[in-house]
>>> print(open('my_file_10.cif').read())   # mmCIF, C-alpha atoms
data_model
loop_
_atom_site.group_PDB
_atom_site.id
_atom_site.type_symbol
_atom_site.label_atom_id
_atom_site.label_comp_id
_atom_site.auth_asym_id
_atom_site.auth_seq_id
_atom_site.Cartn_x
_atom_site.Cartn_y
_atom_site.Cartn_z
ATOM 1 C CA ARG A 1 -11.995 4.754 -3.439
ATOM 2 C CA VAL A 2 -8.498 6.196 -3.672
ATOM 3 C CA THR A 3 -7.820 9.081 -6.067
ATOM 4 C CA ILE A 4 -4.683 10.576 -7.586
ATOM 5 C CA ASP A 5 -4.877 13.410 -5.034
ATOM 6 C CA ASP A 6 -4.799 10.812 -2.256
ATOM 7 C CA VAL A 7 -1.717 9.183 -3.781
ATOM 8 C CA ARG A 8 0.067 12.530 -4.073
ATOM 9 C CA ALA A 9 -0.772 13.341 -0.450
ATOM 10 C CA ILE A 10 0.509 9.949 0.739
ATOM 11 C CA GLY A 11 3.769 10.699 -1.061
ATOM 12 C CA GLU A 12 4.200 13.749 1.195
ATOM 13 C CA LEU A 13 4.020 11.733 4.425
ATOM 14 C CA PRO A 14 7.276 11.780 6.463
ATOM 15 C CA LEU A 15 7.837 8.011 6.362
ATOM 16 C CA VAL A 16 7.062 7.540 2.655
ATOM 17 C CA LYS A 17 10.033 7.743 0.285
ATOM 18 C CA SER A 18 8.406 7.054 -3.103
ATOM 19 C CA ILE A 19 4.947 6.336 -4.472
ATOM 20 C CA SER A 20 3.321 5.577 -7.815
ATOM 21 C CA PRO A 21 -0.277 5.042 -8.895
ATOM 22 C CA GLU A 22 -0.856 2.024 -11.106
ATOM 23 C CA PHE A 23 -3.621 1.610 -13.661
ATOM 24 C CA MET A 24 -3.901 -1.778 -15.357
ATOM 25 C CA ARG A 25 -5.836 -2.917 -18.399
ATOM 26 C CA GLU A 26 -5.417 -5.442 -21.212
ATOM 27 C CA PHE A 27 -5.068 -3.984 -24.733
ATOM 28 C CA PRO A 28 -4.249 -5.311 -28.218
ATOM 29 C CA ILE A 29 -0.704 -4.398 -29.287
ATOM 30 C CA VAL A 30 0.257 -4.060 -32.955
ATOM 31 C CA TYR A 31 3.684 -3.765 -34.582
ATOM 32 C CA GLY A 32 3.716 -3.959 -38.371
ATOM 33 C CA ASN A 33 1.707 -7.041 -39.312
ATOM 34 C CA ARG A 34 2.149 -8.672 -35.894
ATOM 35 C CA GLN A 35 -0.374 -8.462 -33.094
ATOM 36 C CA SER A 36 -0.583 -9.708 -29.514
ATOM 37 C CA SER A 37 -2.355 -8.813 -26.293
ATOM 38 C CA HIS A 38 -0.588 -7.563 -23.168
ATOM 39 C CA LEU A 39 -1.372 -6.008 -19.807
ATOM 40 C CA ILE A 40 -0.680 -2.267 -19.906
ATOM 41 C CA ARG A 41 0.434 -0.675 -16.635
ATOM 42 C CA GLY A 42 0.168 3.101 -16.285
ATOM 43 C CA VAL A 43 2.748 4.119 -13.683
ATOM 44 C CA ALA A 44 5.031 6.930 -12.493
ATOM 45 C CA SER A 45 8.778 7.160 -13.041
ATOM 46 C CA SER A 46 9.465 6.108 -9.419
ATOM 47 C CA TYR A 47 7.821 2.746 -10.116
ATOM 48 C CA GLY A 48 10.914 1.483 -11.955
ATOM 49 C CA VAL A 49 13.189 1.770 -8.916
ATOM 50 C CA MET A 50 10.627 0.397 -6.468
ATOM 51 C CA ARG A 51 9.879 -2.653 -8.623
ATOM 52 C CA SER A 52 13.437 -3.186 -9.930
ATOM 53 C CA GLU A 53 12.537 -2.613 -13.585
ATOM 54 C CA THR A 54 16.102 -2.511 -14.931
ATOM 55 C CA PRO A 55 16.385 -1.562 -18.632
ATOM 56 C CA GLN A 56 18.604 -3.458 -21.043
ATOM 57 C CA PRO A 57 21.617 -1.540 -22.448
ATOM 58 C CA GLY A 58 20.570 1.151 -24.909
ATOM 59 C CA GLY A 59 17.184 1.743 -23.333
ATOM 60 C CA ARG A 60 15.634 3.394 -20.286
ATOM 61 C CA PHE A 61 12.636 3.279 -18.002
ATOM 62 C CA LEU A 62 9.987 6.005 -17.904
ATOM 63 C CA GLU A 63 11.192 9.426 -16.766
ATOM 64 C CA GLU A 64 9.484 12.235 -14.865
ATOM 65 C CA ASP A 65 9.204 14.349 -18.028
ATOM 66 C CA ASP A 66 7.391 11.472 -19.754
ATOM 67 C CA VAL A 67 4.748 11.614 -17.025
ATOM 68 C CA ARG A 68 4.596 15.399 -16.838
ATOM 69 C CA LEU A 69 4.306 15.866 -20.607
ATOM 70 C CA HIS A 70 1.920 12.934 -21.173
ATOM 71 C CA ARG A 71 4.336 11.355 -23.654
ATOM 72 C CA ARG A 72 3.372 8.254 -25.598
ATOM 73 C CA VAL A 73 6.359 6.165 -24.666
ATOM 74 C CA ALA A 74 6.500 2.546 -23.545
ATOM 75 C CA PHE A 75 8.851 0.352 -21.529
ATOM 76 C CA ILE A 76 8.243 -3.281 -22.416
ATOM 77 C CA GLY A 77 8.767 -6.542 -20.533
ATOM 78 C CA SER A 78 11.459 -8.966 -21.598
ATOM 79 C CA GLU A 79 9.000 -11.442 -23.176
ATOM 80 C CA VAL A 80 7.091 -8.861 -25.230
ATOM 81 C CA PRO A 81 9.725 -8.445 -28.022
ATOM 82 C CA ARG A 82 9.653 -12.176 -28.815
ATOM 83 C CA LYS A 83 6.026 -11.923 -29.897
ATOM 84 C CA LEU A 84 6.176 -8.537 -31.615
ATOM 85 C CA PHE A 85 9.719 -7.922 -32.869
ATOM 86 C CA GLY A 86 11.414 -11.273 -33.281
ATOM 87 C CA ALA A 87 15.149 -10.593 -33.683
ATOM 88 C CA ALA A 88 14.705 -6.857 -34.474
ATOM 89 C CA PRO A 89 15.793 -4.334 -31.785
ATOM 90 C CA PRO A 90 12.638 -2.804 -30.213
ATOM 91 C CA VAL A 91 14.074 0.466 -28.829
ATOM 92 C CA GLY A 92 13.089 3.398 -31.026
ATOM 93 C CA GLU A 93 10.347 1.461 -32.811
ATOM 94 C CA THR A 94 6.672 2.441 -32.701
ATOM 95 C CA ILE A 95 3.960 0.119 -31.473
ATOM 96 C CA ARG A 96 0.231 0.739 -31.366
ATOM 97 C CA ILE A 97 -1.651 0.320 -28.116
ATOM 98 C CA ALA A 98 -5.419 0.332 -28.652
ATOM 99 C CA GLY A 99 -4.736 2.036 -31.987
ATOM 100 C CA GLN A 100 -2.518 4.809 -30.560
ATOM 101 C CA PRO A 101 1.211 5.074 -31.434
ATOM 102 C CA PHE A 102 3.796 4.642 -28.649
ATOM 103 C CA GLU A 103 7.576 4.788 -28.967
ATOM 104 C CA VAL A 104 9.480 1.968 -27.255
ATOM 105 C CA VAL A 105 12.140 3.563 -25.019
ATOM 106 C CA GLY A 106 13.373 0.482 -23.197
ATOM 107 C CA VAL A 107 13.194 -3.278 -22.678
ATOM 108 C CA MET A 108 13.283 -4.882 -19.257
ATOM 109 C CA GLU A 109 16.220 -7.034 -18.211
ATOM 110 C CA GLU A 110 15.367 -10.600 -17.234
ATOM 111 C CA LYS A 111 14.685 -10.728 -13.496
ATOM 112 C CA VAL A 112 13.721 -13.328 -10.921
ATOM 113 C CA GLN A 113 10.186 -12.538 -9.777
ATOM 114 C CA LEU A 114 9.001 -14.620 -6.832
ATOM 115 C CA SER A 115 5.632 -12.899 -6.604
ATOM 116 C CA ASN A 116 3.386 -10.876 -8.874
ATOM 117 C CA TYR A 117 -0.109 -9.512 -9.049
ATOM 118 C CA ASN A 118 -2.241 -9.906 -12.183
ATOM 119 C CA ARG A 119 0.727 -10.914 -14.358
ATOM 120 C CA PRO A 120 4.537 -11.229 -14.283
ATOM 121 C CA ASP A 121 6.272 -8.000 -15.301
ATOM 122 C CA LYS A 122 8.042 -9.632 -18.246
ATOM 123 C CA TYR A 123 4.714 -9.949 -20.077
ATOM 124 C CA CYS A 124 3.620 -6.343 -19.394
ATOM 125 C CA ILE A 125 4.057 -2.946 -21.034
ATOM 126 C CA PHE A 126 4.602 0.162 -18.894
ATOM 127 C CA ILE A 127 3.473 3.651 -19.953
ATOM 128 C CA PRO A 128 3.124 6.984 -18.083
ATOM 129 C CA TRP A 129 0.006 6.972 -15.916
ATOM 130 C CA THR A 130 -0.908 10.403 -17.286
ATOM 131 C CA THR A 131 -0.953 8.973 -20.817
ATOM 132 C CA MET A 132 -3.058 6.053 -19.603
ATOM 133 C CA GLY A 133 -5.919 8.532 -19.209
ATOM 134 C CA GLY A 134 -6.268 8.557 -23.012
ATOM 135 C CA LEU A 135 -6.808 4.785 -23.043
ATOM 136 C CA SER A 136 -8.774 4.055 -19.891
ATOM 137 C CA ASP A 137 -10.600 5.629 -16.956
ATOM 138 C CA THR A 138 -8.097 6.938 -14.392
ATOM 139 C CA ARG A 139 -10.531 8.611 -12.023
ATOM 140 C CA TYR A 140 -9.893 6.105 -9.256
ATOM 141 C CA VAL A 141 -6.636 4.364 -8.372
ATOM 142 C CA GLY A 142 -7.133 0.630 -7.950
ATOM 143 C CA THR A 143 -3.504 -0.013 -6.988
ATOM 144 C CA PHE A 144 -0.647 2.174 -5.780
ATOM 145 C CA VAL A 145 2.920 1.136 -5.015
ATOM 146 C CA TRP A 146 4.891 2.901 -2.307
ATOM 147 C CA GLN A 147 8.176 2.569 -0.469
ATOM 148 C CA ALA A 148 9.106 3.467 3.095
ATOM 149 C CA VAL A 149 12.113 5.692 3.820
ATOM 150 C CA SER A 150 13.795 2.646 5.382
ATOM 151 C CA PRO A 151 13.013 -1.097 5.483
ATOM 152 C CA SER A 152 13.231 -0.964 9.289
ATOM 153 C CA LEU A 153 10.453 1.653 9.337
ATOM 154 C CA GLU A 154 8.074 -0.166 6.987
ATOM 155 C CA ALA A 155 5.650 -1.174 9.756
ATOM 156 C CA LYS A 156 5.458 2.398 11.088
ATOM 157 C CA ALA A 157 5.118 3.801 7.576
ATOM 158 C CA GLN A 158 2.282 1.392 6.793
ATOM 159 C CA LYS A 159 0.501 2.458 9.983
ATOM 160 C CA GLN A 160 0.974 6.094 8.972
ATOM 161 C CA VAL A 161 -0.512 5.492 5.521
ATOM 162 C CA ARG A 162 -3.482 3.613 6.984
ATOM 163 C CA GLU A 163 -4.165 6.369 9.535
ATOM 164 C CA PHE A 164 -3.920 9.053 6.863
ATOM 165 C CA LEU A 165 -6.518 7.389 4.631
ATOM 166 C CA ALA A 166 -8.742 6.577 7.627
ATOM 167 C CA ASN A 167 -8.769 10.215 8.738
ATOM 168 C CA ARG A 168 -9.347 11.402 5.187
ATOM 169 C CA TYR A 169 -12.315 9.100 4.586
ATOM 170 C CA ARG A 170 -13.532 8.841 8.197
ATOM 171 C CA TYR A 171 -13.295 5.162 8.950
ATOM 172 C CA ASN A 172 -11.611 3.136 11.679
ATOM 173 C CA PRO A 173 -7.826 3.012 11.033
ATOM 174 C CA GLY A 174 -7.736 -0.424 12.648
ATOM 175 C CA ASP A 175 -9.958 -1.849 9.894
ATOM 176 C CA GLU A 176 -7.365 -3.506 7.647
ATOM 177 C CA ARG A 177 -10.094 -4.704 5.262
ATOM 178 C CA ALA A 178 -10.709 -1.125 4.131
ATOM 179 C CA ILE A 179 -7.461 -1.145 2.145
ATOM 180 C CA ASN A 180 -5.308 -4.170 1.403
ATOM 181 C CA MET A 181 -1.536 -3.704 1.716
ATOM 182 C CA PHE A 182 1.017 -6.333 0.778
ATOM 183 C CA GLY A 183 4.603 -5.507 1.728
ATOM 184 C CA SER A 184 7.930 -7.183 2.410
ATOM 185 C CA GLU A 185 6.738 -8.278 5.861
ATOM 186 C CA LYS A 186 3.996 -10.482 4.383
ATOM 187 C CA THR A 187 6.352 -11.603 1.605
ATOM 188 C CA ASN A 188 8.890 -12.737 4.203
ATOM 189 C CA GLU A 189 6.198 -14.675 6.073
ATOM 190 C CA ILE A 190 5.252 -16.547 2.887
ATOM 191 C CA THR A 191 8.896 -17.110 1.907
ATOM 192 C CA ASN A 192 9.814 -18.374 5.379
ATOM 193 C CA GLY A 193 6.878 -20.778 5.243
ATOM 194 C CA ILE A 194 7.993 -22.128 1.871
ATOM 195 C CA VAL A 195 11.616 -22.467 3.036
ATOM 196 C CA GLY A 196 10.502 -24.203 6.233
ATOM 197 C CA GLY A 197 8.387 -26.656 4.251
ATOM 198 C CA LEU A 198 11.269 -27.411 1.872
ATOM 199 C CA GLN A 199 13.614 -28.023 4.815
ATOM 200 C CA ILE A 200 11.177 -30.551 6.299
ATOM 201 C CA VAL A 201 10.788 -32.339 2.958
ATOM 202 C CA LEU A 202 14.550 -32.420 2.315
ATOM 203 C CA THR A 203 15.214 -33.650 5.866
ATOM 204 C CA PHE A 204 12.688 -36.453 5.391
ATOM 205 C CA ILE A 205 14.262 -37.422 2.051
ATOM 206 C CA GLY A 206 17.740 -37.377 3.609
ATOM 207 C CA VAL A 207 16.713 -39.552 6.565
ATOM 208 C CA LEU A 208 14.871 -41.962 4.260
ATOM 209 C CA THR A 209 17.903 -42.212 1.937
ATOM 210 C CA LEU A 210 20.244 -42.932 4.866
ATOM 211 C CA ALA A 211 17.826 -45.527 6.224
ATOM 212 C CA ILE A 212 17.595 -47.325 2.867
ATOM 213 C CA GLY A 213 21.374 -47.182 2.498
ATOM 214 C CA GLY A 214 21.852 -48.558 5.991
ATOM 215 C CA VAL A 215 19.503 -51.470 5.324
ATOM 216 C CA GLY A 216 21.371 -52.199 2.093
ATOM 217 C CA ILE A 217 24.734 -52.260 3.859
ATOM 218 C CA MET A 218 23.364 -54.532 6.600
ATOM 219 C CA ASN A 219 22.094 -56.983 3.981
ATOM 220 C CA ILE A 220 25.516 -57.056 2.291
#
>>> encode(input="my_file_10.cif", output="structure tokens")
Amino acid sequence: RVTIDDVRAIGELPLVKSISPEFMREFPIVYGNRQSSHLIRGVASSYGVMRSETPQPGGRFLEEDDVRLHRRVAFIGSEVPRKLFGAAPPVGETIRIAGQPFEVVGVMEEKVQLSNYNRPDKYCIFIPWTTMGGLSDTRYVGTFVWQAVSPSLEAKAQKQVREFLANRYRYNPGDERAINMFGSEKTNEITNGIVGGLQIVLTFIGVLTLAIGGVGIMNI
């Protein structure tokens, strides 16, 4: 069971550029007389760059001081304002998460998200992971997001992270079931499979269309 100390130590490894713990839990969100339910993600400031959480003009993502000072600030997904704010600008407004006030500091730009875990980012609300401790248990880290120093070194970096945790908790580093990692390598495998399947389908449709057209011309 990974802890915050483990995550910090992984961040010090030579091949790891950035890392962020991530705590997730569903909470009721209230603004004025409106209420909805969203997945809250407690993360570090580095999470925004790693996951391409680009703020709309006039707002920002979470900063290091927000995490260090346990600030009650929130960065909200692009679909959240439609349920809570309507046409009103969200930045600077106060929402209540599980009854606690949080200031909205930014709204996410619309982005194309081919994959997600638990829920697309546009439906989520992001707060400092240190502040998440006041809402939920943060003793153990269920998910952490990290980035290698270079895409070309991702495989080596992943091996380094696995070996570090294996040595720390005394298990076989070759046991990939001990900790599940999903990176760009697996994403590319899935994407290539989808693209390959689409090419086969489109080729079949093209050949079938030409065949039907040829038969039609022969009949004429």
>>> resolve_selection(input="my_file_10.cif", expression="the PyMOL selection byres ((chain A and resi 24) around 10)", output="VMD selection string")
chain A and resid 22 to 23 25 to 27 39 to 43 118 124 to 126 129 132 136 138 141 to 143
>>> closest_residue(input="my_file_10.cif", among="A:Ile127, A:Ile76, A:Ile217, A:Leu165", to="Glu109 of chain A", atoms="only C-alpha atoms")
A:Ile76
>>> resolve_selection(input="my_file_10.cif", expression="the PyMOL selection byres ((chain A and resi 11) around 12)", output="number ranges by chain")
A: 4-10, 12-21, 46, 144-149, 157, 160-161, 164
>>> residues_around(input="my_file_10.cif", residues="Glu93 of chain A", least_positions_apart="3", cutoff="9 Å", atoms="all atoms listed in the file", output="MDAnalysis selection string")
chainID A and resid 31 89:90 102:105
>>> resolve_selection(input="my_file_10.cif", expression="the PyMOL selection byres ((chain A and resi 52) around 10)", output="MDAnalysis selection string")
chainID A and resid 47:51 53:55 108:109 111 113
>>> residues_around(input="my_file_10.cif", residues="Gly99 of chain A", least_positions_apart="6", cutoff="12 Å", atoms="all atoms listed in the file", output="number ranges by chain")
A: 27-31, 35, 134-135
>>> residues_around(input="my_file_10.cif", residues="Arg71 of chain A", least_positions_apart="4", cutoff="9 Å", atoms="only C-alpha atoms", output="ChimeraX atom specification")
/A:65-67,102,127-128,130-131
>>> closest_residue(input="my_file_10.cif", among="A:Arg82, A:Arg119, A:Arg72, A:Arg60", to="Val107 of chain A", atoms="all atoms listed in the file")
A:Arg60
>>> closest_residue(input="my_file_10.cif", among="A:Thr209, A:Asn172, A:Thr3, A:Ser36", to="Ile97 of chain A", atoms="all atoms listed in the file")
A:Ser36
>>> atom_distance(input="my_file_10.cif", atom1="atom CA of Leu69 of chain A", atom2="atom CA of Tyr123 of chain A")
25.8 Å
>>> atom_distance(input="my_file_10.cif", atom1="atom CA of Val80 of chain A", atom2="atom CA of Lys122 of chain A")
7.1 Å
>>> axis_aligned_box(input="my_file_10.cif", around="segment 165-181 of chain A", padding_each_side="5 Å", output="AutoDock Vina command-line options")
--center_x -7.5 --center_y 3.3 --center_z 7.0 --size_x 22.0 --size_y 26.1 --size_z 21.2
>>> closest_residue(input="my_file_10.cif", among="A:Val73, A:Asp121, A:Phe204, A:Glu110", to="Gly92 of chain A", atoms="all atoms listed in the file")
A:Val73
>>> atom_distance(input="my_file_10.cif", atom1="atom CA of Ala74 of chain A", atom2="atom CA of Pro101 of chain A")
9.8 Å
>>> closest_residue(input="my_file_10.cif", among="A:Leu62, A:Glu163, A:Glu154, A:Gly106", to="Phe182 of chain A", atoms="all atoms listed in the file")
A:Glu154
>>> decode(input="my_file_10.cif", residues="segment 40-51 of chain A", atoms="all heavy atoms", output="PDB file, in the first residue's frame")
ATOM      1  N   ILE A  40     -14.170  14.416  -6.892  1.00  0.00           N
ATOM      2  CA  ILE A  40     -13.115  15.333  -6.433  1.00  0.00           C
ATOM      3  C   ILE A  40     -11.784  14.608  -6.533  1.00  0.00           C
ATOM      4  O   ILE A  40     -11.639  13.474  -6.076  1.00  0.00           O
ATOM      5  CB  ILE A  40     -13.364  15.783  -4.976  1.00  0.00           C
ATOM      6  CG1 ILE A  40     -14.773  16.361  -4.834  1.00  0.00           C
ATOM      7  CG2 ILE A  40     -12.323  16.804  -4.556  1.00  0.00           C
ATOM      8  CD1 ILE A  40     -15.044  17.562  -5.698  1.00  0.00           C
ATOM      9  N   ARG A  41     -10.795  15.276  -7.122  1.00  0.00           N
ATOM     10  CA  ARG A  41      -9.451  14.707  -7.243  1.00  0.00           C
ATOM     11  C   ARG A  41      -8.471  15.581  -6.463  1.00  0.00           C
ATOM     12  O   ARG A  41      -8.296  16.759  -6.788  1.00  0.00           O
ATOM     13  CB  ARG A  41      -9.032  14.635  -8.710  1.00  0.00           C
ATOM     14  CG  ARG A  41      -9.894  13.702  -9.571  1.00  0.00           C
ATOM     15  CD  ARG A  41      -9.428  13.739 -11.020  1.00  0.00           C
ATOM     16  NE  ARG A  41     -10.247  12.931 -11.901  1.00  0.00           N
ATOM     17  CZ  ARG A  41      -9.928  11.708 -12.327  1.00  0.00           C
ATOM     18  NH1 ARG A  41      -8.788  11.157 -11.948  1.00  0.00           N
ATOM     19  NH2 ARG A  41     -10.734  11.043 -13.138  1.00  0.00           N
ATOM     20  N   GLY A  42      -7.864  15.006  -5.427  1.00  0.00           N
ATOM     21  CA  GLY A  42      -6.838  15.719  -4.674  1.00  0.00           C
ATOM     22  C   GLY A  42      -5.479  15.450  -5.281  1.00  0.00           C
ATOM     23  O   GLY A  42      -5.003  14.310  -5.268  1.00  0.00           O
ATOM     24  N   VAL A  43      -4.853  16.497  -5.843  1.00  0.00           N
ATOM     25  CA  VAL A  43      -3.614  16.310  -6.603  1.00  0.00           C
ATOM     26  C   VAL A  43      -2.592  17.383  -6.242  1.00  0.00           C
ATOM     27  O   VAL A  43      -2.875  18.325  -5.505  1.00  0.00           O
ATOM     28  CB  VAL A  43      -3.895  16.363  -8.125  1.00  0.00           C
ATOM     29  CG1 VAL A  43      -4.836  15.252  -8.535  1.00  0.00           C
ATOM     30  CG2 VAL A  43      -4.479  17.722  -8.519  1.00  0.00           C
ATOM     31  N   ALA A  44      -1.387  17.238  -6.807  1.00  0.00           N
ATOM     32  CA  ALA A  44      -0.320  18.227  -6.651  1.00  0.00           C
ATOM     33  C   ALA A  44      -0.338  19.195  -7.827  1.00  0.00           C
ATOM     34  O   ALA A  44      -1.034  18.976  -8.830  1.00  0.00           O
ATOM     35  CB  ALA A  44       1.038  17.534  -6.547  1.00  0.00           C
ATOM     36  N   SER A  45       0.452  20.258  -7.718  1.00  0.00           N
ATOM     37  CA  SER A  45       0.478  21.263  -8.784  1.00  0.00           C
ATOM     38  C   SER A  45       1.044  20.699 -10.089  1.00  0.00           C
ATOM     39  O   SER A  45       0.662  21.136 -11.184  1.00  0.00           O
ATOM     40  CB  SER A  45       1.299  22.473  -8.338  1.00  0.00           C
ATOM     41  OG  SER A  45       2.622  22.081  -7.997  1.00  0.00           O
ATOM     42  N   SER A  46       1.951  19.724 -10.000  1.00  0.00           N
ATOM     43  CA  SER A  46       2.566  19.136 -11.194  1.00  0.00           C
ATOM     44  C   SER A  46       1.571  18.330 -12.019  1.00  0.00           C
ATOM     45  O   SER A  46       1.807  18.055 -13.198  1.00  0.00           O
ATOM     46  CB  SER A  46       3.741  18.240 -10.788  1.00  0.00           C
ATOM     47  OG  SER A  46       3.314  17.245  -9.875  1.00  0.00           O
ATOM     48  N   TYR A  47       0.460  17.963 -11.428  1.00  0.00           N
ATOM     49  CA  TYR A  47      -0.556  17.159 -12.105  1.00  0.00           C
ATOM     50  C   TYR A  47      -1.089  17.877 -13.351  1.00  0.00           C
ATOM     51  O   TYR A  47      -1.360  17.250 -14.370  1.00  0.00           O
ATOM     52  CB  TYR A  47      -1.693  16.870 -11.128  1.00  0.00           C
ATOM     53  CG  TYR A  47      -2.785  15.961 -11.639  1.00  0.00           C
ATOM     54  CD1 TYR A  47      -2.751  14.599 -11.373  1.00  0.00           C
ATOM     55  CD2 TYR A  47      -3.878  16.459 -12.346  1.00  0.00           C
ATOM     56  CE1 TYR A  47      -3.769  13.755 -11.811  1.00  0.00           C
ATOM     57  CE2 TYR A  47      -4.889  15.624 -12.786  1.00  0.00           C
ATOM     58  CZ  TYR A  47      -4.835  14.274 -12.515  1.00  0.00           C
ATOM     59  OH  TYR A  47      -5.838  13.449 -12.957  1.00  0.00           O
ATOM     60  N   GLY A  48      -1.249  19.190 -13.255  1.00  0.00           N
ATOM     61  CA  GLY A  48      -1.823  19.968 -14.351  1.00  0.00           C
ATOM     62  C   GLY A  48      -1.029  19.855 -15.636  1.00  0.00           C
ATOM     63  O   GLY A  48      -1.595  19.702 -16.718  1.00  0.00           O
ATOM     64  N   VAL A  49       0.303  19.915 -15.532  1.00  0.00           N
ATOM     65  CA  VAL A  49       1.155  19.807 -16.717  1.00  0.00           C
ATOM     66  C   VAL A  49       1.143  18.384 -17.252  1.00  0.00           C
ATOM     67  O   VAL A  49       1.034  18.171 -18.473  1.00  0.00           O
ATOM     68  CB  VAL A  49       2.597  20.239 -16.374  1.00  0.00           C
ATOM     69  CG1 VAL A  49       3.520  20.024 -17.567  1.00  0.00           C
ATOM     70  CG2 VAL A  49       2.624  21.689 -15.936  1.00  0.00           C
ATOM     71  N   MET A  50       1.240  17.404 -16.355  1.00  0.00           N
ATOM     72  CA  MET A  50       1.301  16.010 -16.789  1.00  0.00           C
ATOM     73  C   MET A  50       0.023  15.570 -17.480  1.00  0.00           C
ATOM     74  O   MET A  50       0.052  14.778 -18.415  1.00  0.00           O
ATOM     75  CB  MET A  50       1.604  15.106 -15.590  1.00  0.00           C
ATOM     76  CG  MET A  50       3.001  15.250 -15.038  1.00  0.00           C
ATOM     77  SD  MET A  50       3.381  13.996 -13.778  1.00  0.00           S
ATOM     78  CE  MET A  50       2.347  14.554 -12.406  1.00  0.00           C
ATOM     79  N   ARG A  51      -1.128  16.084 -17.033  1.00  0.00           N
ATOM     80  CA  ARG A  51      -2.409  15.665 -17.578  1.00  0.00           C
ATOM     81  C   ARG A  51      -3.034  16.701 -18.516  1.00  0.00           C
ATOM     82  O   ARG A  51      -4.188  16.589 -18.902  1.00  0.00           O
ATOM     83  CB  ARG A  51      -3.382  15.377 -16.429  1.00  0.00           C
ATOM     84  CG  ARG A  51      -2.983  14.196 -15.556  1.00  0.00           C
ATOM     85  CD  ARG A  51      -3.313  12.879 -16.196  1.00  0.00           C
ATOM     86  NE  ARG A  51      -4.755  12.737 -16.362  1.00  0.00           N
ATOM     87  CZ  ARG A  51      -5.333  11.887 -17.196  1.00  0.00           C
ATOM     88  NH1 ARG A  51      -4.603  11.120 -17.969  1.00  0.00           N
ATOM     89  NH2 ARG A  51      -6.642  11.804 -17.264  1.00  0.00           N
TER      90      ARG A  51
END
